[in-house]
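Participant: Questions regarding the structure given below will be posed in turn.
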Amino acid sequence: MDTVIYFILVPMVYLAFAVFFIGTAVRLVKIFREPKHPATLQVYPEKNPKWLWALHDTFLFPTVRRHKPVLWVFLMLFHIGLLLLIIGHLELFAEFEIIQVIPHEIFLGQGYLGLLLALALLYFLFRRFVSPVRDLSVPEDYYLLILLFLIVIFGSEMDWARRWYGYGELTVEDYREYLMSLLYLQPYLPDAVTGSGHSFMLVLHVFFANLFLLLFPFSQSMHSFLSLPMNKLRIGK
Amino acid sequence: MDQKTRDDLLDLFQSKLNEAMRFYLETCTRCGVCTEACHVYASMGQVRYIAAYRGEIVRRLYKKYFKGRGKFWPSVGEAKELTEMAVEELFDAAYSCTGCRRCMVYCPFGIDTQMLMSIAKLLLIGAGSEPEILTMLADTSVEKGKSLDLFKEGFLGGIKRLETEVVAKWKLEAGESAIPVDKEGADLLYVALAGAHSIIPAAAVFNAAGENWTLSFFEAVNFGAFVGDPTKTKLILDRIVNEAKRLKVKEVCVCECGTAYRVMKQLSGKQPFKVVSITEVHARYLREGRIKLDKTRLKGAVTYHDPCQIARNAGVIDEPRYILQHLTDDFREMTPEPKYNWCCGGGGGLVALGEDTLDFRMKSSRVKADQVKDSGAAILATACENCHTQLSNLNDHYKMGMQVEFLSSLVAEALVR
């Protein structure tokens with residue numbers, strides 16, 4: 001069992017990050033090196049300034065707001081929450097004064113961010129069980145949502161246990177010790193990380209996160225990088 | 001399907017892969033926001049007409065043959081083999097899509113379903129499964145470009161016979177030609193459709209505005225674009241580009257034909273001439289005071305149908321409304337607004353396929369008929385041949401009791417000195 005835990009927490013993490021960064025970069029380079037479309041793909045009426053509108057359309061999803069307002073609320077919650085949680089993870093490496101601009105106890109969001117994210121993911125998942133979205137969905141869409149839900153739920157449980165139930169065996173210091181050792185390429189697993197009552201949550205959280213990173217470059221998740229250039233095409237040059 | 005055919009078709013697929021196409025093939029999250037965008041789905045309620053579903057028909061082949069996943073884990077994206085059945089699905093998707101790009105407005109990423117359908121159309125050509133009549137029409141156009149001399153005399157004779165009708169609408173000074181053809185040094189080359197209705201009113205307005213114009217030998221419509229054949233599209237387009245260069249015109253004015261205008265405007269590349277639509281030219285004449293219109297001619301409220309390829313996809317939105325201000329005091333805008341205007345249901349070659357598609361065109365455009373009726377207008381103006389035909393068919397089918405008119409004809413009819 002120790003070997004499996006070690007594999008998930010150390011070599012698999014390195015592998016996942018390598019695949020994520022290299023895979024994404026290679027795929028993006030391949031796409032952006034394709035010849036440009038010979039004609040404009042703009043939709044009218046024209047909106048200026050174009051870059052600002054492209055950013056607006058990419059990050060605020062105005063078309064979703066207009067046509068599917070409930071979905072829009074969950075999408076905004078999910079994407080903003082995701083961004084904050086990614087930033088929050090930085091604090092599990094070391095202290096960042098800039099993130100502490102608004103003073104808070106680690107982790108960001110008092111546990112509620114994870115809860116909101118989990119609810120948003122359940123909404124995304126359940127709406128795929130209903131026609132017509134069900135008829136459009138392919139297994140990939142379900143796998144990614146289930147994977148994200150598992151990542152969020154195990155990650156959040158650790159946070160909730162510490163924040164809401166005073167669980168003290170797996171502390172921020174333990175995470176920092178583990179993650180910094182990974183960063184410095186001198187992997188070290190503190191006892192609390194592998195042997196405390198909540199270790200299994202950490203192991204599962206990391207395992208599913210690894211899987212997600214491994215799949216990312218080859219899945220529709222690439223929309224994170226492609227949405228802006230695509231919206232720019234629709235706005236026009 | 002044998003391996004050779006499949007490989008040839010996949011080569012055609014590959015030829016369509018540029019940066020934008022890769023974006024559109026990689027990105028769809030199947031979120032379903034586009035569900036209500038397609039007039040066919042809105043009218044008929046069948047899932048296969050949702051934009052994302054149409055896209056997926058092409059995307060599944062992409063996932064099979066152009067992504068590593070297709071080999072290792074095809075089921076994750078429901079990757080699909082290219083078989084005869086797949087070709088049938090491509091036909092169903094491509095020839096029920098009018099290329100109106102309304103779904104592109106809905107999509108949070110701006111996926112262009114018309115572009116994805118262009119892959120389907122090209123594969124259909126490769127498989128010999130495209131609507132033959134469109135290829136025949138495209139070939140005729142290409143042939144006309146190659147051997148103009150064979151057509152020239154008949155064309156000139158035909159034009160001569162139209163001149164008296166032009167003069168009946170707008171009298172000219174003695175010695176002036178009512179329909180100048182092949183005039184070097186003209187400012188404007190007018191590219192019409194084969195049909196008096198596309199030439200006579202336009203000629204009368206040009207003459208009334210004192211335009212130094214000439215009529216193209218070629219018809220504007222690009223059947224190459226309808227059938228989705230990039231080579232033929234280019235050949236058909238080049239006939240007009242070459243003629244414009246030979247005559248050294250400053251502007252090429254495309255008649256009321258959506259596809260022709262968009263192809264000419266967006267695919268002709270950098271040229272020594274400008275490309276304009278006849279609607280833009282008429283608006284300019286009014287703005288410059290070169291023509292005057294009688295506002296009392298039209299009886300009843302008027303509404304305007306924005307042809308997708310001219311408005312949403314090429315930006316001519318304000319001009320027709322400016323013209324209509326000079327034609328009526330009772331203009332009724334349709335809802336939703338132009339960007340979200342419902343397609344008439346006749347684009348993408350469907351009207352050109354005539355009776356074969358009539359039943360589908362009527363069923364799939366119920367929402368358009370409702371939208372027009374809700375405007376409460378008596379006269380429905382538009383600026384595209386396909387739209388005009390389709391809207392006239394809808395008018396009959398849904399017993400709307402409206403008068404369907406070309407905007408340019410309304411202008412010609414209302415000319416005053």
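Quick note on naming: the chains in the structure tokens go A, B, ... in the order shown, residues restart at 1 in each chain, and ligands are numbered from 1 in order of appearance.
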Which residues, written as a list in words, have at least one atom at most 8 Å from segment 218-226 of chain A, with only C-alpha atoms counted and residues fewer than 6 positions away on the same chain left out?
Facilitator: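 With the cut-off at 8 Å, the set is Gly23, Thr24 and Glu140 of chain A; Phe23, Glu26, Thr27, Cys28, Thr29 and Arg69 of chain B.
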Participant: Enumerate as an MDAnalysis selection string the residues belonging to chain B that approach chain A to within 9 Å, with only C-alpha atoms taken into account.
Facilitator: chainID B and resid 17:24 26:36 47:48 50 52:53 56 67:69 75:78 101 104:112 266:269 311:317 338:339
Participant: Using C-alpha atoms, can you export the residues from the last selection as a PDB file, in the first residue's frame?
Facilitator:
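Saved to selection.pdb:
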ATOM      1  CA  LEU B  17      -7.766  21.949 -41.376  1.00  0.00           C
ATOM      2  CA  ASN B  18      -6.532  25.442 -40.704  1.00  0.00           C
ATOM      3  CA  GLU B  19      -6.165  27.251 -37.390  1.00  0.00           C
ATOM      4  CA  ALA B  20      -9.800  28.335 -37.108  1.00  0.00           C
ATOM      5  CA  MET B  21     -11.074  24.892 -38.096  1.00  0.00           C
ATOM      6  CA  ARG B  22      -8.881  23.270 -35.421  1.00  0.00           C
ATOM      7  CA  PHE B  23     -10.333  25.686 -32.861  1.00  0.00           C
ATOM      8  CA  TYR B  24     -13.852  24.696 -33.849  1.00  0.00           C
ATOM      9  CA  GLU B  26     -11.207  20.941 -30.531  1.00  0.00           C
ATOM     10  CA  THR B  27     -13.308  23.189 -28.377  1.00  0.00           C
ATOM     11  CA  CYS B  28     -17.005  22.320 -28.189  1.00  0.00           C
ATOM     12  CA  THR B  29     -18.008  21.483 -24.605  1.00  0.00           C
ATOM     13  CA  ARG B  30     -21.492  20.383 -25.716  1.00  0.00           C
ATOM     14  CA  CYS B  31     -22.962  22.810 -23.194  1.00  0.00           C
ATOM     15  CA  GLY B  32     -26.161  23.057 -25.203  1.00  0.00           C
ATOM     16  CA  VAL B  33     -26.392  26.866 -25.222  1.00  0.00           C
ATOM     17  CA  CYS B  34     -26.814  26.657 -29.013  1.00  0.00           C
ATOM     18  CA  THR B  35     -29.921  24.483 -28.663  1.00  0.00           C
ATOM     19  CA  GLU B  36     -32.433  27.202 -29.471  1.00  0.00           C
ATOM     20  CA  VAL B  47     -32.041  16.816 -31.699  1.00  0.00           C
ATOM     21  CA  ARG B  48     -30.022  16.159 -34.849  1.00  0.00           C
ATOM     22  CA  ILE B  50     -28.996  21.303 -32.853  1.00  0.00           C
ATOM     23  CA  ALA B  52     -23.604  21.173 -31.527  1.00  0.00           C
ATOM     24  CA  TYR B  53     -25.029  17.889 -32.815  1.00  0.00           C
ATOM     25  CA  GLU B  56     -20.373  16.507 -33.576  1.00  0.00           C
ATOM     26  CA  LYS B  67      -6.520  12.844 -32.716  1.00  0.00           C
ATOM     27  CA  GLY B  68      -4.311  10.309 -30.936  1.00  0.00           C
ATOM     28  CA  ARG B  69      -7.324   9.455 -28.785  1.00  0.00           C
ATOM     29  CA  SER B  75     -15.144   5.667 -27.083  1.00  0.00           C
ATOM     30  CA  VAL B  76     -14.342   8.608 -24.808  1.00  0.00           C
ATOM     31  CA  GLY B  77     -15.418  11.054 -27.492  1.00  0.00           C
ATOM     32  CA  GLU B  78     -17.635   8.647 -29.419  1.00  0.00           C
ATOM     33  CA  ARG B 101     -24.396  31.288 -38.422  1.00  0.00           C
ATOM     34  CA  MET B 104     -22.283  31.227 -33.780  1.00  0.00           C
ATOM     35  CA  VAL B 105     -23.910  34.131 -31.946  1.00  0.00           C
ATOM     36  CA  TYR B 106     -25.120  31.797 -29.181  1.00  0.00           C
ATOM     37  CA  CYS B 107     -21.943  29.774 -28.707  1.00  0.00           C
ATOM     38  CA  PRO B 108     -19.834  30.993 -25.762  1.00  0.00           C
ATOM     39  CA  PHE B 109     -16.754  30.268 -27.876  1.00  0.00           C
ATOM     40  CA  GLY B 110     -18.148  31.384 -31.229  1.00  0.00           C
ATOM     41  CA  ILE B 111     -17.938  28.043 -33.024  1.00  0.00           C
ATOM     42  CA  ASP B 112     -18.786  28.501 -36.713  1.00  0.00           C
ATOM     43  CA  GLN B 266     -14.576  38.276 -48.009  1.00  0.00           C
ATOM     44  CA  LEU B 267     -12.836  35.836 -50.343  1.00  0.00           C
ATOM     45  CA  SER B 268     -11.660  38.000 -53.237  1.00  0.00           C
ATOM     46  CA  GLY B 269      -8.566  39.129 -51.304  1.00  0.00           C
ATOM     47  CA  ALA B 311     -26.313  41.301 -42.388  1.00  0.00           C
ATOM     48  CA  ARG B 312     -25.053  39.037 -39.588  1.00  0.00           C
ATOM     49  CA  ASN B 313     -22.201  37.695 -41.685  1.00  0.00           C
ATOM     50  CA  ALA B 314     -21.146  40.765 -43.676  1.00  0.00           C
ATOM     51  CA  GLY B 315     -22.384  43.781 -41.732  1.00  0.00           C
ATOM     52  CA  VAL B 316     -24.876  45.477 -44.068  1.00  0.00           C
ATOM     53  CA  ILE B 317     -27.467  46.283 -41.396  1.00  0.00           C
ATOM     54  CA  PRO B 338     -30.776  41.650 -36.827  1.00  0.00           C
ATOM     55  CA  LYS B 339     -27.921  39.810 -35.116  1.00  0.00           C
TER      56      LYS B 339
END
Participant: Write out as an NGL selection string the residues lying within 9 Å of segment 99-112 of chain A, counting only C-alpha atoms and excluding same-chain residues fewer than 6 positions away.
Facilitator: :A and (84-85 or 87-92 or 156-157 or 159-160 or 163-164 or 172)
Participant: So that I can check the surroundings of Cys387 of chain B, please list as an mmCIF file with C-alpha atoms, in the first residue's frame every protein, DNA and RNA residue that reaches within 8 Å of it, counting only C-alpha atoms and ignoring chain neighbours fewer than 2 positions away.
Facilitator:
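Result file is around_24.cif:
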data_model
loop_
_atom_site.group_PDB
_atom_site.id
_atom_site.type_symbol
_atom_site.label_atom_id
_atom_site.label_comp_id
_atom_site.auth_asym_id
_atom_site.auth_seq_id
_atom_site.Cartn_x
_atom_site.Cartn_y
_atom_site.Cartn_z
ATOM 1 C CA PRO B 307 -30.364 38.090 -45.268
ATOM 2 C CA CYS B 344 -35.368 32.427 -43.877
ATOM 3 C CA GLY B 345 -34.496 28.738 -44.151
ATOM 4 C CA GLY B 346 -33.456 28.813 -47.780
ATOM 5 C CA GLY B 347 -29.693 29.330 -47.631
ATOM 6 C CA THR B 382 -35.520 41.648 -48.420
ATOM 7 C CA ALA B 383 -32.264 41.945 -50.336
ATOM 8 C CA CYS B 384 -31.376 38.396 -51.336
ATOM 9 C CA GLU B 385 -32.630 36.190 -54.142
ATOM 10 C CA THR B 389 -37.808 32.824 -53.054
ATOM 11 C CA GLN B 390 -37.986 31.132 -49.670
ATOM 12 C CA LEU B 391 -40.049 33.924 -48.093
#
Participant: Give me, as an mmCIF file with N, CA and C atoms, in the first residue's frame, all polymer residues having an atom no more than 10 Å from segment 180-196 of chain B, counting only C-alpha atoms and skipping those fewer than 3 positions away in the same chain.
Facilitator:
data_model
loop_
_atom_site.group_PDB
_atom_site.id
_atom_site.type_symbol
_atom_site.label_atom_id
_atom_site.label_comp_id
_atom_site.auth_asym_id
_atom_site.auth_seq_id
_atom_site.Cartn_x
_atom_site.Cartn_y
_atom_site.Cartn_z
ATOM 1 N N PHE B 155 -26.092 36.685 -74.801
ATOM 2 C CA PHE B 155 -26.245 37.540 -73.619
ATOM 3 C C PHE B 155 -26.554 38.975 -74.045
ATOM 4 N N LEU B 156 -25.761 39.488 -75.007
ATOM 5 C CA LEU B 156 -25.957 40.874 -75.442
ATOM 6 C C LEU B 156 -27.341 41.073 -76.049
ATOM 7 N N GLY B 158 -30.043 39.377 -75.334
ATOM 8 C CA GLY B 158 -30.997 39.349 -74.220
ATOM 9 C C GLY B 158 -31.056 40.690 -73.504
ATOM 10 N N ILE B 159 -29.875 41.263 -73.285
ATOM 11 C CA ILE B 159 -29.796 42.541 -72.567
ATOM 12 C C ILE B 159 -30.476 43.652 -73.372
ATOM 13 N N LYS B 160 -30.239 43.624 -74.691
ATOM 14 C CA LYS B 160 -30.836 44.647 -75.586
ATOM 15 C C LYS B 160 -32.364 44.686 -75.386
ATOM 16 N N ARG B 161 -32.950 43.483 -75.284
ATOM 17 C CA ARG B 161 -34.411 43.395 -75.148
ATOM 18 C C ARG B 161 -34.907 43.980 -73.819
ATOM 19 N N LEU B 162 -34.012 44.023 -72.813
ATOM 20 C CA LEU B 162 -34.440 44.554 -71.502
ATOM 21 C C LEU B 162 -34.398 46.080 -71.456
ATOM 22 N N GLU B 163 -33.654 46.659 -72.406
ATOM 23 C CA GLU B 163 -33.384 48.101 -72.299
ATOM 24 C C GLU B 163 -34.652 48.946 -72.302
ATOM 25 N N GLU B 165 -37.499 48.260 -71.156
ATOM 26 C CA GLU B 165 -38.147 48.220 -69.833
ATOM 27 C C GLU B 165 -37.423 49.113 -68.822
ATOM 28 N N VAL B 166 -36.110 49.186 -68.971
ATOM 29 C CA VAL B 166 -35.341 50.069 -68.087
ATOM 30 C C VAL B 166 -35.733 51.513 -68.357
ATOM 31 N N GLU B 176 -27.758 57.653 -74.929
ATOM 32 C CA GLU B 176 -27.210 56.961 -73.762
ATOM 33 C C GLU B 176 -27.703 55.524 -73.746
ATOM 34 N N SER B 177 -26.795 54.638 -73.306
ATOM 35 C CA SER B 177 -27.184 53.230 -73.244
ATOM 36 C C SER B 177 -27.849 52.941 -71.904
ATOM 37 N N ILE B 199 -31.880 42.815 -63.055
ATOM 38 C CA ILE B 199 -31.171 43.784 -63.902
ATOM 39 C C ILE B 199 -31.960 45.083 -64.093
ATOM 40 N N ILE B 200 -33.259 44.950 -64.433
ATOM 41 C CA ILE B 200 -34.028 46.150 -64.807
ATOM 42 C C ILE B 200 -34.095 47.200 -63.683
ATOM 43 N N PRO B 201 -34.559 46.822 -62.472
ATOM 44 C CA PRO B 201 -34.650 47.859 -61.433
ATOM 45 C C PRO B 201 -33.284 48.452 -61.099
ATOM 46 N N ALA B 202 -32.274 47.604 -61.041
ATOM 47 C CA ALA B 202 -30.934 48.079 -60.702
ATOM 48 C C ALA B 202 -30.459 49.085 -61.743
ATOM 49 N N ALA B 203 -30.674 48.754 -63.033
ATOM 50 C CA ALA B 203 -30.236 49.633 -64.122
ATOM 51 C C ALA B 203 -30.941 50.979 -64.022
ATOM 52 N N PHE B 206 -29.312 52.988 -61.254
ATOM 53 C CA PHE B 206 -27.976 53.472 -61.651
ATOM 54 C C PHE B 206 -28.117 54.667 -62.596
ATOM 55 N N GLU B 211 -24.907 57.179 -62.558
ATOM 56 C CA GLU B 211 -23.720 56.360 -62.285
ATOM 57 C C GLU B 211 -23.015 55.989 -63.594
ATOM 58 N N ASN B 212 -21.707 56.003 -63.568
ATOM 59 C CA ASN B 212 -20.910 55.527 -64.695
ATOM 60 C C ASN B 212 -20.690 54.032 -64.465
ATOM 61 N N TRP B 213 -21.632 53.220 -64.946
ATOM 62 C CA TRP B 213 -21.622 51.801 -64.582
ATOM 63 C C TRP B 213 -21.593 50.897 -65.805
ATOM 64 N N THR B 214 -21.358 49.632 -65.547
ATOM 65 C CA THR B 214 -21.412 48.645 -66.619
ATOM 66 C C THR B 214 -21.880 47.317 -66.023
ATOM 67 N N LEU B 215 -22.551 46.526 -66.852
ATOM 68 C CA LEU B 215 -23.096 45.247 -66.375
ATOM 69 C C LEU B 215 -22.101 44.121 -66.640
ATOM 70 N N SER B 216 -21.939 43.263 -65.654
ATOM 71 C CA SER B 216 -21.029 42.124 -65.815
ATOM 72 C C SER B 216 -21.633 41.076 -66.755
ATOM 73 N N PHE B 217 -20.754 40.362 -67.461
ATOM 74 C CA PHE B 217 -21.215 39.239 -68.290
ATOM 75 C C PHE B 217 -21.670 38.066 -67.430
ATOM 76 N N PHE B 218 -21.199 38.074 -66.202
ATOM 77 C CA PHE B 218 -21.396 36.876 -65.374
ATOM 78 C C PHE B 218 -22.478 37.079 -64.329
ATOM 79 N N GLU B 219 -23.099 35.957 -63.951
ATOM 80 C CA GLU B 219 -24.080 36.038 -62.877
ATOM 81 C C GLU B 219 -23.341 35.962 -61.539
ATOM 82 N N ALA B 220 -23.910 36.622 -60.545
ATOM 83 C CA ALA B 220 -23.206 36.763 -59.263
ATOM 84 C C ALA B 220 -23.172 35.462 -58.466
ATOM 85 N N VAL B 221 -24.253 34.689 -58.539
ATOM 86 C CA VAL B 221 -24.409 33.540 -57.653
ATOM 87 C C VAL B 221 -23.229 32.578 -57.769
ATOM 88 N N ILE B 240 -15.263 37.124 -62.203
ATOM 89 C CA ILE B 240 -15.702 38.500 -61.972
ATOM 90 C C ILE B 240 -14.517 39.390 -61.596
ATOM 91 N N GLU B 243 -12.729 40.230 -64.756
ATOM 92 C CA GLU B 243 -13.497 41.191 -65.546
ATOM 93 C C GLU B 243 -13.361 42.603 -64.955
ATOM 94 N N ALA B 244 -13.447 42.678 -63.624
ATOM 95 C CA ALA B 244 -13.345 43.984 -62.950
ATOM 96 C C ALA B 244 -11.978 44.606 -63.201
ATOM 97 N N LYS B 245 -10.940 43.773 -63.185
ATOM 98 C CA LYS B 245 -9.582 44.289 -63.418
ATOM 99 C C LYS B 245 -9.431 44.744 -64.863
ATOM 100 N N ARG B 246 -9.990 43.944 -65.780
ATOM 101 C CA ARG B 246 -9.883 44.274 -67.210
ATOM 102 C C ARG B 246 -10.576 45.605 -67.508
ATOM 103 N N LEU B 247 -11.725 45.817 -66.885
ATOM 104 C CA LEU B 247 -12.486 47.044 -67.149
ATOM 105 C C LEU B 247 -12.019 48.218 -66.281
ATOM 106 N N LYS B 248 -11.083 47.927 -65.392
ATOM 107 C CA LYS B 248 -10.497 48.949 -64.495
ATOM 108 C C LYS B 248 -11.556 49.703 -63.694
ATOM 109 N N VAL B 249 -12.508 48.980 -63.169
ATOM 110 C CA VAL B 249 -13.560 49.635 -62.383
ATOM 111 C C VAL B 249 -13.071 49.924 -60.961
ATOM 112 N N LYS B 250 -13.745 50.867 -60.292
ATOM 113 C CA LYS B 250 -13.359 51.203 -58.924
ATOM 114 C C LYS B 250 -14.135 50.366 -57.910
ATOM 115 N N GLU B 251 -15.311 49.935 -58.351
ATOM 116 C CA GLU B 251 -16.175 49.194 -57.423
ATOM 117 C C GLU B 251 -16.823 48.018 -58.127
ATOM 118 N N VAL B 252 -16.956 46.918 -57.408
ATOM 119 C CA VAL B 252 -17.787 45.821 -57.903
ATOM 120 C C VAL B 252 -19.028 45.798 -57.018
ATOM 121 N N CYS B 253 -20.183 45.990 -57.648
ATOM 122 C CA CYS B 253 -21.433 46.038 -56.893
ATOM 123 C C CYS B 253 -22.175 44.721 -57.103
ATOM 124 N N VAL B 254 -22.385 43.998 -56.006
ATOM 125 C CA VAL B 254 -23.044 42.699 -56.108
ATOM 126 C C VAL B 254 -24.549 42.876 -55.882
ATOM 127 N N CYS B 255 -25.318 42.221 -56.730
ATOM 128 C CA CYS B 255 -26.776 42.317 -56.671
ATOM 129 C C CYS B 255 -27.326 41.713 -55.384
ATOM 130 N N GLU B 256 -28.619 41.605 -55.293
ATOM 131 C CA GLU B 256 -29.240 41.072 -54.087
ATOM 132 C C GLU B 256 -29.096 39.553 -54.043
ATOM 133 N N CYS B 257 -27.918 39.116 -53.648
ATOM 134 C CA CYS B 257 -27.623 37.689 -53.508
ATOM 135 C C CYS B 257 -26.637 37.560 -52.352
ATOM 136 N N ALA B 260 -23.304 35.446 -52.907
ATOM 137 C CA ALA B 260 -22.427 36.124 -53.862
ATOM 138 C C ALA B 260 -21.725 37.289 -53.190
ATOM 139 N N TYR B 261 -22.483 38.059 -52.421
ATOM 140 C CA TYR B 261 -21.899 39.238 -51.775
ATOM 141 C C TYR B 261 -20.826 38.831 -50.775
ATOM 142 N N PHE B 273 -10.153 47.115 -56.545
ATOM 143 C CA PHE B 273 -11.519 47.638 -56.486
ATOM 144 C C PHE B 273 -12.147 47.308 -55.127
ATOM 145 N N LYS B 274 -13.211 48.051 -54.811
ATOM 146 C CA LYS B 274 -13.960 47.794 -53.575
ATOM 147 C C LYS B 274 -15.136 46.885 -53.887
ATOM 148 N N VAL B 275 -15.569 46.097 -52.928
ATOM 149 C CA VAL B 275 -16.768 45.279 -53.143
ATOM 150 C C VAL B 275 -17.904 45.869 -52.303
ATOM 151 N N VAL B 276 -19.019 46.160 -52.956
ATOM 152 C CA VAL B 276 -20.175 46.710 -52.239
ATOM 153 C C VAL B 276 -21.432 45.949 -52.645
ATOM 154 N N SER B 277 -22.429 46.012 -51.797
ATOM 155 C CA SER B 277 -23.713 45.410 -52.154
ATOM 156 C C SER B 277 -24.588 46.505 -52.757
ATOM 157 N N ILE B 278 -25.572 46.085 -53.531
ATOM 158 C CA ILE B 278 -26.442 47.084 -54.160
ATOM 159 C C ILE B 278 -27.191 47.882 -53.092
ATOM 160 N N GLU B 385 -31.816 37.008 -53.237
ATOM 161 C CA GLU B 385 -32.630 36.190 -54.142
ATOM 162 C C GLU B 385 -33.173 34.938 -53.435
#
Participant: Pick from B:Val40, B:Cys308, B:Leu394, B:Met362: nearest to Tyr340 of chain B, with only C-alpha atoms counted?
Facilitator: B:Cys308
Participant: From the DSSP assignment of the backbone, select every residue of segment 82-134 of chain A that is helix (DSSP H, G or I), and format the answer as a ChimeraX atom specification.
Facilitator: /A:82-90,99-101,108-127,133-134
Participant: Apply DSSP to the backbone of this structure and, from segment 101-296 of chain B, keep only the residues in strand (DSSP E); write these as a list in words.
Facilitator: Leu188, Leu189, Tyr190, Val191, Trp213, Thr214, Leu215, Glu251, Val252, Cys253, Val254, Lys274, Val275, Val276, Ser277, Lys292 and Leu293 of chain B
Participant: Using C-alpha atoms, can you write the selected residues to a file as an mmCIF file, in the first residue's frame?
Facilitator:
data_model
loop_
_atom_site.group_PDB
_atom_site.id
_atom_site.type_symbol
_atom_site.label_atom_id
_atom_site.label_comp_id
_atom_site.auth_asym_id
_atom_site.auth_seq_id
_atom_site.Cartn_x
_atom_site.Cartn_y
_atom_site.Cartn_z
ATOM 1 C CA LEU B 188 -18.910 50.509 -61.087
ATOM 2 C CA LEU B 189 -19.289 46.944 -62.325
ATOM 3 C CA TYR B 190 -22.712 45.570 -61.492
ATOM 4 C CA VAL B 191 -22.890 41.817 -61.115
ATOM 5 C CA TRP B 213 -21.622 51.801 -64.582
ATOM 6 C CA THR B 214 -21.412 48.645 -66.619
ATOM 7 C CA LEU B 215 -23.096 45.247 -66.375
ATOM 8 C CA GLU B 251 -16.175 49.194 -57.423
ATOM 9 C CA VAL B 252 -17.787 45.821 -57.903
ATOM 10 C CA CYS B 253 -21.433 46.038 -56.893
ATOM 11 C CA VAL B 254 -23.044 42.699 -56.108
ATOM 12 C CA LYS B 274 -13.960 47.794 -53.575
ATOM 13 C CA VAL B 275 -16.768 45.279 -53.143
ATOM 14 C CA VAL B 276 -20.175 46.710 -52.239
ATOM 15 C CA SER B 277 -23.713 45.410 -52.154
ATOM 16 C CA LYS B 292 -35.077 60.796 -54.679
ATOM 17 C CA LEU B 293 -37.865 58.448 -53.657
#
Participant: Suppose you want the space between atom CA of Tyr167 of chain A and atom CA of Met201 of chain A; what is it in Å?
Facilitator: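 Calculated distance between atom CA of Tyr167 of chain A and atom CA of Met201 of chain A is 13.2 Å.
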Participant: Which is closest to Ala381 of chain B among B:Asp306, B:Glu413, B:Glu355, B:Asp396, if we use only C-alpha atoms?
Facilitator: B:Asp306
Participant: Give me the residues within 6 Å of segment 131-141 of chain B as a PDB file with C-alpha atoms, in the first residue's frame, counting only C-alpha atoms and dropping any in the same chain fewer than 6 places off.
Facilitator:
ATOM      1  CA  PHE B 223     -22.860  27.578 -56.797  1.00  0.00           C
ATOM      2  CA  GLY B 224     -19.342  26.478 -55.908  1.00  0.00           C
ATOM      3  CA  VAL B 227     -21.962  22.874 -52.877  1.00  0.00           C
TER       4      VAL B 227
END
Participant: Just the residues within 12 Å of Asp2 of chain B, please, counting only C-alpha atoms, with nothing from its chain fewer than 4 positions along; format it as an MDAnalysis selection string.
Facilitator: chainID B and resid 6:9 82:84 127
Participant: Just C-alpha atoms for this one: save the residues we selected as a short mmCIF file (atom, residue, chain, number, x, y, z; two decimals), in the first residue's frame.
Facilitator:
data_model
loop_
_atom_site.label_atom_id
_atom_site.label_comp_id
_atom_site.auth_asym_id
_atom_site.auth_seq_id
_atom_site.Cartn_x
_atom_site.Cartn_y
_atom_site.Cartn_z
CA ARG B 6 -11.61 6.49 -47.18
CA ASP B 7 -8.03 7.71 -47.53
CA ASP B 8 -9.03 10.08 -50.32
CA LEU B 9 -11.85 11.48 -48.21
CA LEU B 82 -15.90 6.94 -41.85
CA THR B 83 -18.41 4.62 -43.48
CA GLU B 84 -21.21 4.94 -45.98
CA ALA B 127 -17.86 10.59 -52.06
#
